[in-house]
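Structure below is my_file-v6.cif: mmCIF, C-alpha atoms.
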```
data_my_file
#
loop_
_atom_site.group_PDB
_atom_site.id
_atom_site.type_symbol
_atom_site.label_atom_id
_atom_site.label_comp_id
_atom_site.auth_asym_id
_atom_site.auth_seq_id
_atom_site.Cartn_x
_atom_site.Cartn_y
_atom_site.Cartn_z
ATOM 1 C CA LYS A 17 17.740 -5.641 -6.032
ATOM 2 C CA SER A 18 20.862 -3.471 -5.686
ATOM 3 C CA SER A 19 22.891 -5.424 -8.256
ATOM 4 C CA SER A 20 20.353 -4.424 -10.933
ATOM 5 C CA ASP A 21 20.025 -0.659 -10.251
ATOM 6 C CA ASN A 22 17.667 -1.221 -7.312
ATOM 7 C CA GLU A 23 14.921 -2.676 -9.519
ATOM 8 C CA GLY A 24 11.818 -4.051 -7.856
ATOM 9 C CA ASN A 25 11.701 -7.856 -7.606
ATOM 10 C CA ALA A 26 9.302 -10.467 -6.256
ATOM 11 C CA GLN A 27 9.615 -14.198 -5.768
ATOM 12 C CA VAL A 28 7.544 -17.158 -4.663
ATOM 13 C CA LEU A 29 8.262 -18.752 -1.289
ATOM 14 C CA ALA A 30 6.845 -22.109 -0.222
ATOM 15 C CA VAL A 31 6.546 -23.424 3.330
ATOM 16 C CA LEU A 32 6.977 -27.210 3.368
ATOM 17 C CA SER A 33 6.788 -28.719 6.829
ATOM 18 C CA SER A 34 9.549 -26.865 8.690
ATOM 19 C CA ALA A 35 11.459 -25.809 5.558
ATOM 20 C CA LEU A 36 11.166 -22.619 3.545
ATOM 21 C CA ASN A 37 11.831 -22.966 -0.174
ATOM 22 C CA SER A 38 12.510 -19.896 -2.297
ATOM 23 C CA TYR A 39 12.427 -19.784 -6.072
ATOM 24 C CA THR A 40 13.803 -17.553 -8.811
ATOM 25 C CA HIS A 41 12.918 -13.880 -8.446
ATOM 26 C CA SER A 42 11.643 -11.738 -11.304
ATOM 27 C CA ALA A 43 11.432 -7.986 -11.801
ATOM 28 C CA PHE A 44 8.051 -6.297 -11.592
ATOM 29 C CA ASN A 45 9.759 -2.942 -12.165
ATOM 30 C CA GLY A 46 13.048 -2.811 -14.064
ATOM 31 C CA GLN A 47 13.900 0.645 -12.732
ATOM 32 C CA GLU A 48 14.827 2.000 -9.308
ATOM 33 C CA THR A 49 12.107 1.066 -6.830
ATOM 34 C CA LYS A 50 12.165 2.981 -3.546
ATOM 35 C CA SER A 51 9.034 1.789 -1.779
ATOM 36 C CA SER A 52 6.898 -1.298 -2.311
ATOM 37 C CA SER A 53 4.036 -3.190 -0.706
ATOM 38 C CA ILE A 54 2.070 -6.292 -1.710
ATOM 39 C CA THR A 55 -1.364 -7.753 -1.037
ATOM 40 C CA TYR A 56 -3.217 -10.886 -2.166
ATOM 41 C CA ASP A 57 -6.727 -10.896 -3.616
ATOM 42 C CA ALA A 58 -8.469 -14.240 -3.103
ATOM 43 C CA SER A 59 -11.296 -13.529 -5.562
ATOM 44 C CA LEU A 60 -8.805 -12.895 -8.365
ATOM 45 C CA ASN A 61 -6.169 -15.366 -7.134
ATOM 46 C CA LYS A 62 -3.614 -12.673 -7.899
ATOM 47 C CA PHE A 63 -1.227 -10.409 -6.042
ATOM 48 C CA ILE A 64 -1.173 -6.622 -6.318
ATOM 49 C CA ILE A 65 2.073 -4.732 -5.825
ATOM 50 C CA ALA A 66 2.228 -0.979 -5.192
ATOM 51 C CA TYR A 67 5.545 0.813 -5.467
ATOM 52 C CA SER A 68 7.429 4.006 -6.312
ATOM 53 C CA ASP A 69 8.890 4.042 -9.839
ATOM 54 C CA GLY A 70 12.252 5.799 -10.184
ATOM 55 C CA ALA A 71 11.813 6.028 -13.963
ATOM 56 C CA ASN A 72 8.535 7.939 -13.539
ATOM 57 C CA SER A 73 9.617 10.728 -11.150
ATOM 58 C CA ASP A 74 9.075 8.325 -8.227
ATOM 59 C CA ARG A 75 5.330 8.355 -8.845
ATOM 60 C CA GLY A 76 3.221 5.634 -7.279
ATOM 61 C CA GLU A 77 2.383 2.689 -9.502
ATOM 62 C CA VAL A 78 0.569 -0.631 -9.185
ATOM 63 C CA ILE A 79 0.953 -3.908 -11.034
ATOM 64 C CA ILE A 80 -0.807 -7.287 -10.972
ATOM 65 C CA ALA A 81 1.247 -10.416 -10.293
ATOM 66 C CA THR A 82 -0.029 -13.871 -11.257
ATOM 67 C CA ARG A 83 1.586 -16.988 -9.830
ATOM 68 C CA SER A 84 2.051 -20.095 -11.956
ATOM 69 C CA SER A 85 3.689 -22.822 -9.899
ATOM 70 C CA THR A 86 6.937 -21.212 -8.722
ATOM 71 C CA SER A 87 7.066 -18.269 -11.139
ATOM 72 C CA LEU A 88 5.337 -14.880 -11.439
ATOM 73 C CA SER A 89 4.069 -12.943 -14.435
ATOM 74 C CA TYR A 90 2.963 -9.301 -14.426
ATOM 75 C CA ASP A 91 0.164 -7.336 -16.053
ATOM 76 C CA GLY A 92 -1.920 -4.156 -15.776
ATOM 77 C CA ARG A 93 0.786 -1.666 -14.750
ATOM 78 C CA ASP A 94 -0.808 1.694 -13.922
ATOM 79 C CA THR A 95 -0.066 4.950 -12.071
ATOM 80 C CA PHE A 96 -2.244 5.702 -9.047
ATOM 81 C CA ASP A 97 -1.112 9.337 -8.633
ATOM 82 C CA THR A 98 -0.297 10.986 -11.940
ATOM 83 C CA GLY A 99 -0.320 14.513 -10.482
ATOM 84 C CA SER A 100 1.954 17.241 -11.772
ATOM 85 C CA SER A 101 5.709 17.064 -12.307
ATOM 86 C CA GLY A 102 7.665 16.485 -9.135
ATOM 87 C CA VAL A 103 5.153 14.096 -7.532
ATOM 88 C CA THR A 104 6.914 11.539 -5.356
ATOM 89 C CA ALA A 105 5.010 8.769 -3.602
ATOM 90 C CA GLY A 106 6.692 7.440 -0.462
ATOM 91 C CA SER A 107 5.915 5.070 2.384
ATOM 92 C CA ILE A 108 3.481 3.147 0.164
ATOM 93 C CA ARG A 109 1.185 0.576 1.762
ATOM 94 C CA VAL A 110 -1.500 -1.448 -0.052
ATOM 95 C CA THR A 111 -4.199 -3.746 1.289
ATOM 96 C CA GLY A 112 -7.495 -5.124 0.016
ATOM 97 C CA ASP A 113 -10.769 -6.751 0.959
ATOM 98 C CA GLY A 114 -10.175 -9.898 -1.097
ATOM 99 C CA SER A 115 -12.940 -9.129 -3.600
ATOM 100 C CA GLY A 116 -11.145 -6.935 -6.117
ATOM 101 C CA THR A 117 -11.014 -3.692 -4.120
ATOM 102 C CA ILE A 118 -7.739 -2.256 -2.821
ATOM 103 C CA VAL A 119 -6.783 0.800 -0.785
ATOM 104 C CA ILE A 120 -3.365 2.446 -1.024
ATOM 105 C CA GLY A 121 -1.958 4.727 1.657
ATOM 106 C CA TYR A 122 1.068 6.869 0.833
ATOM 107 C CA GLN A 123 2.894 10.126 1.420
ATOM 108 C CA ARG A 124 2.738 12.705 -1.367
ATOM 109 C CA ASN A 125 5.856 14.843 -1.765
ATOM 110 C CA ALA A 126 4.106 17.403 -3.997
ATOM 111 C CA THR A 127 1.836 18.341 -1.084
ATOM 112 C CA SER A 128 4.416 18.541 1.725
ATOM 113 C CA ASN A 129 4.378 14.783 2.407
ATOM 114 C CA ARG A 130 0.774 14.843 3.514
ATOM 115 C CA PRO A 131 -0.782 11.383 3.954
ATOM 116 C CA PHE A 132 -3.166 10.353 1.184
ATOM 117 C CA ILE A 133 -5.300 7.327 0.471
ATOM 118 C CA ILE A 134 -6.896 6.150 -2.741
ATOM 119 C CA ALA A 135 -9.193 3.235 -3.566
ATOM 120 C CA ALA A 136 -9.231 1.157 -6.728
ATOM 121 C CA THR A 137 -10.986 -1.848 -8.158
ATOM 122 C CA CYS A 138 -8.981 -4.506 -9.965
ATOM 123 C CA SER A 139 -10.385 -6.724 -12.708
ATOM 124 C CA GLY A 140 -7.335 -8.972 -12.805
ATOM 125 C CA THR A 141 -5.898 -7.223 -15.856
ATOM 126 C CA SER A 142 -6.506 -3.516 -15.132
ATOM 127 C CA PHE A 143 -7.324 -0.974 -12.423
ATOM 128 C CA SER A 144 -10.023 1.656 -11.978
ATOM 129 C CA PHE A 145 -9.102 4.408 -9.500
ATOM 130 C CA GLY A 146 -11.191 6.757 -7.432
ATOM 131 C CA SER A 147 -10.081 10.197 -6.267
ATOM 132 C CA ARG A 148 -7.232 10.485 -3.777
ATOM 133 C CA ALA A 149 -8.088 12.005 -0.404
ATOM 134 C CA SER A 150 -6.168 13.421 2.541
ATOM 135 C CA TYR A 151 -7.533 13.825 6.050
ATOM 136 C CA ASN A 152 -4.642 15.762 7.571
ATOM 137 C CA SER A 153 -3.409 19.244 6.712
ATOM 138 C CA SER A 154 0.258 18.677 7.603
ATOM 139 C CA GLY A 155 3.020 16.341 6.501
ATOM 140 C CA SER A 156 3.704 13.105 8.291
ATOM 141 C CA GLY A 157 7.390 12.233 8.277
ATOM 142 C CA LEU A 158 6.750 9.105 6.165
ATOM 143 C CA ILE A 159 4.857 7.213 8.856
ATOM 144 C CA ASN A 160 1.989 5.448 7.163
ATOM 145 C CA THR A 161 0.039 2.155 7.277
ATOM 146 C CA VAL A 162 -3.342 0.738 6.248
ATOM 147 C CA ASP A 163 -5.176 -2.533 6.911
ATOM 148 C CA TYR A 164 -8.599 -4.072 6.251
ATOM 149 C CA ASN A 165 -10.905 -5.464 8.940
ATOM 150 C CA PRO A 166 -13.188 -8.174 7.490
ATOM 151 C CA ASP A 167 -15.352 -8.151 10.631
ATOM 152 C CA THR A 168 -16.475 -4.568 10.003
ATOM 153 C CA GLY A 169 -15.807 -4.303 6.272
ATOM 154 C CA LYS A 170 -13.794 -1.153 6.908
ATOM 155 C CA TYR A 171 -10.181 -0.038 6.648
ATOM 156 C CA ILE A 172 -8.022 1.596 9.305
ATOM 157 C CA TYR A 173 -5.507 4.119 8.067
ATOM 158 C CA ALA A 174 -2.836 5.280 10.520
ATOM 159 C CA PHE A 175 -0.302 8.020 9.853
ATOM 160 C CA GLY A 176 2.049 10.476 11.466
ATOM 161 C CA ALA A 177 1.092 14.140 11.564
ATOM 162 C CA ASP A 178 3.792 16.788 11.911
ATOM 163 C CA ASP A 179 1.957 19.439 13.910
ATOM 164 C CA GLY A 180 5.025 21.627 14.399
ATOM 165 C CA SER A 181 6.841 20.451 17.508
ATOM 166 C CA VAL A 182 6.102 16.699 17.315
ATOM 167 C CA VAL A 183 5.038 14.037 14.832
ATOM 168 C CA ALA A 184 1.830 12.770 16.442
ATOM 169 C CA GLY A 185 0.176 9.447 15.608
ATOM 170 C CA LYS A 186 -3.352 9.586 14.178
ATOM 171 C CA TYR A 187 -5.813 7.254 12.491
ATOM 172 C CA ILE A 188 -9.139 7.209 10.682
ATOM 173 C CA ILE A 189 -11.676 4.483 9.930
ATOM 174 C CA VAL A 190 -12.410 4.360 6.194
ATOM 175 C CA THR A 191 -15.419 2.976 4.360
ATOM 176 C CA VAL A 192 -15.116 2.222 0.639
ATOM 177 C CA SER A 193 -18.047 2.049 -1.760
ATOM 178 C CA GLY A 194 -16.820 1.194 -5.230
ATOM 179 C CA THR A 195 -13.844 3.537 -5.399
ATOM 180 C CA THR A 196 -15.391 6.272 -3.216
ATOM 181 C CA LEU A 197 -13.919 6.882 0.234
ATOM 182 C CA SER A 198 -15.645 8.133 3.352
ATOM 183 C CA ALA A 199 -13.875 8.509 6.680
ATOM 184 C CA SER A 200 -14.517 8.916 10.381
ATOM 185 C CA SER A 201 -13.169 11.822 12.368
ATOM 186 C CA VAL A 202 -9.410 11.777 12.924
ATOM 187 C CA VAL A 203 -8.378 10.140 16.219
ATOM 188 C CA GLU A 204 -5.014 10.849 17.845
ATOM 189 C CA PHE A 205 -3.519 7.707 19.389
ATOM 190 C CA GLU A 206 -0.092 9.183 20.256
ATOM 191 C CA SER A 207 0.372 12.829 21.197
ATOM 192 C CA GLY A 208 4.101 12.446 21.807
ATOM 193 C CA SER A 209 6.692 12.416 19.070
ATOM 194 C CA LEU A 210 6.893 9.433 16.725
ATOM 195 C CA GLN A 211 10.368 9.031 15.301
ATOM 196 C CA ASP A 212 10.509 10.534 11.818
ATOM 197 C CA GLY A 213 10.977 7.956 9.077
ATOM 198 C CA LEU A 214 9.897 4.910 11.091
ATOM 199 C CA GLN A 215 6.707 2.955 10.497
ATOM 200 C CA ALA A 216 3.598 2.325 12.509
ATOM 201 C CA GLY A 217 1.645 -0.879 11.976
ATOM 202 C CA VAL A 218 -1.985 -1.926 12.374
ATOM 203 C CA THR A 219 -3.794 -5.248 12.124
ATOM 204 C CA TYR A 220 -7.018 -6.847 13.352
ATOM 205 C CA ILE A 221 -7.929 -9.762 15.610
ATOM 206 C CA PHE A 222 -10.430 -12.375 14.434
ATOM 207 C CA PHE A 223 -12.171 -14.385 17.153
ATOM 208 C CA PHE A 224 -13.719 -17.847 16.746
ATOM 209 C CA PHE A 225 -16.536 -18.862 19.106
#
```
Mind turning this structure into structure tokens?
Amino acid sequence: KSSSDNEGNAQVLAVLSSALNSYTHSAFNGQETKSSSITYDASLNKFIIAYSDGANSDRGEVIIATRSSTSLSYDGRDTFDTGSSGVTAGSIRVTGDGSGTIVIGYQRNATSNRPFIIAATCSGTSFSFGSRASYNSSGSGLINTVDYNPDTGKYIYAFGADDGSVVAGKYIIVTVSGTTLSASSVVEFESGSLQDGLQAGVTYIFFFF
């Protein structure tokens, strides 16, 4: 919200027939918020927001949002990459499996904008984080996305990889056990140049028979 020093805000929207009702927003981060992403966890009946906190050297943080009717309350704020001074988390994307586990993909300024992922479990009031991991040796130009496939129980993490002359598109398939990550070999899906600063997107298709 630019009128309040670019603080991070969220609000409840309701779809009623063909109308979209929006309600009063509230700040989940009262400081400058440069990147944010949200996911819903059905087992907790809560939302999890990941974002970059301008008051904390732009480090990556997470917070739990609970909906009560048309309002939101927040709890469990935590930092998912404490790192050393100068750490900036950009292009943050969060998703989850709906049972209390989340995965966050982001770019880490302190390591030349290399793409990193980290898993966490959420109790509804707090987080427990595993170790962050990177599967590419070069920076990515802030191209980054992650999604969960309930059919396979795995995550797909796609990112840009600046290999010198071009920013190529790559992905890995990630398995999470607790907060421990294991990944497939890196696959290149685009050898040409992705435009620096833009986003890729992934999702899954669920078939009914």
d(atom CA of Ser207 of chain A, atom CA of Gly155 of chain A) in Å: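 Result for atom CA of Ser207 of chain A versus atom CA of Gly155 of chain A: 15.3 Å, one decimal.
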Step by step, work through what the PyMOL selection byres ((chain A and resi 169-177) around 6) selects in the shown file, and finish by giving those residues as number ranges by chain. A: 155-156, 159-168, 178-179, 183-191
Using Å and a single decimal, report how far atom CA of Ile64 of chain A sits from atom CA of Ala149 of chain A.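 Spanning atom CA of Ala149 of chain A to atom CA of Ile64 of chain A is a straight-line distance of 20.7 Å.
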Result set, the PyMOL selection byres ((chain A and resi 100-116) around 8) on current file, as a PyMOL selection string: chain A and resi 50-60+65-68+73-76+97-99+117-126+137-140+158-164+166+169
Set the distance at 10 Å and use all atoms listed in the file: which residues neighbour segment 26-39 of chain A once local chain neighbours fewer than 4 positions away are removed? I'd like the list as an MDAnalysis selection string. chainID A and resid 17 43:45 54 65 81 83:88
Using only C-alpha atoms: which of A:Ser153, A:Thr82, A:Thr196, A:Asn25 has the shortest distance to Ser42 of chain A: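 Residue with the minimum atom-to-atom distance to Ser42 of chain A: A:Asn25.
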Mind pulling up the distance from atom CA of Thr141 of chain A to atom CA of Gly70 of chain A?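 Rounded to one decimal, the two atoms are 23.0 Å apart.
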Could you list, as a list in words, every residue matched by the PyMOL selection byres ((chain A and resi 147) around 8) in this structure?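 Output of the PyMOL selection byres ((chain A and resi 147) around 8): Ile134, Ala135, Phe145, Gly146, Arg148, Ala149, Thr195 and Thr196 of chain A.
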Skip Ile80 of chain A itself and residues of its chain fewer than 3 positions away, then list as a PyMOL selection string all residues within 6 Å of it, counting all atoms listed in the file. chain A and resi 63-64+90-92
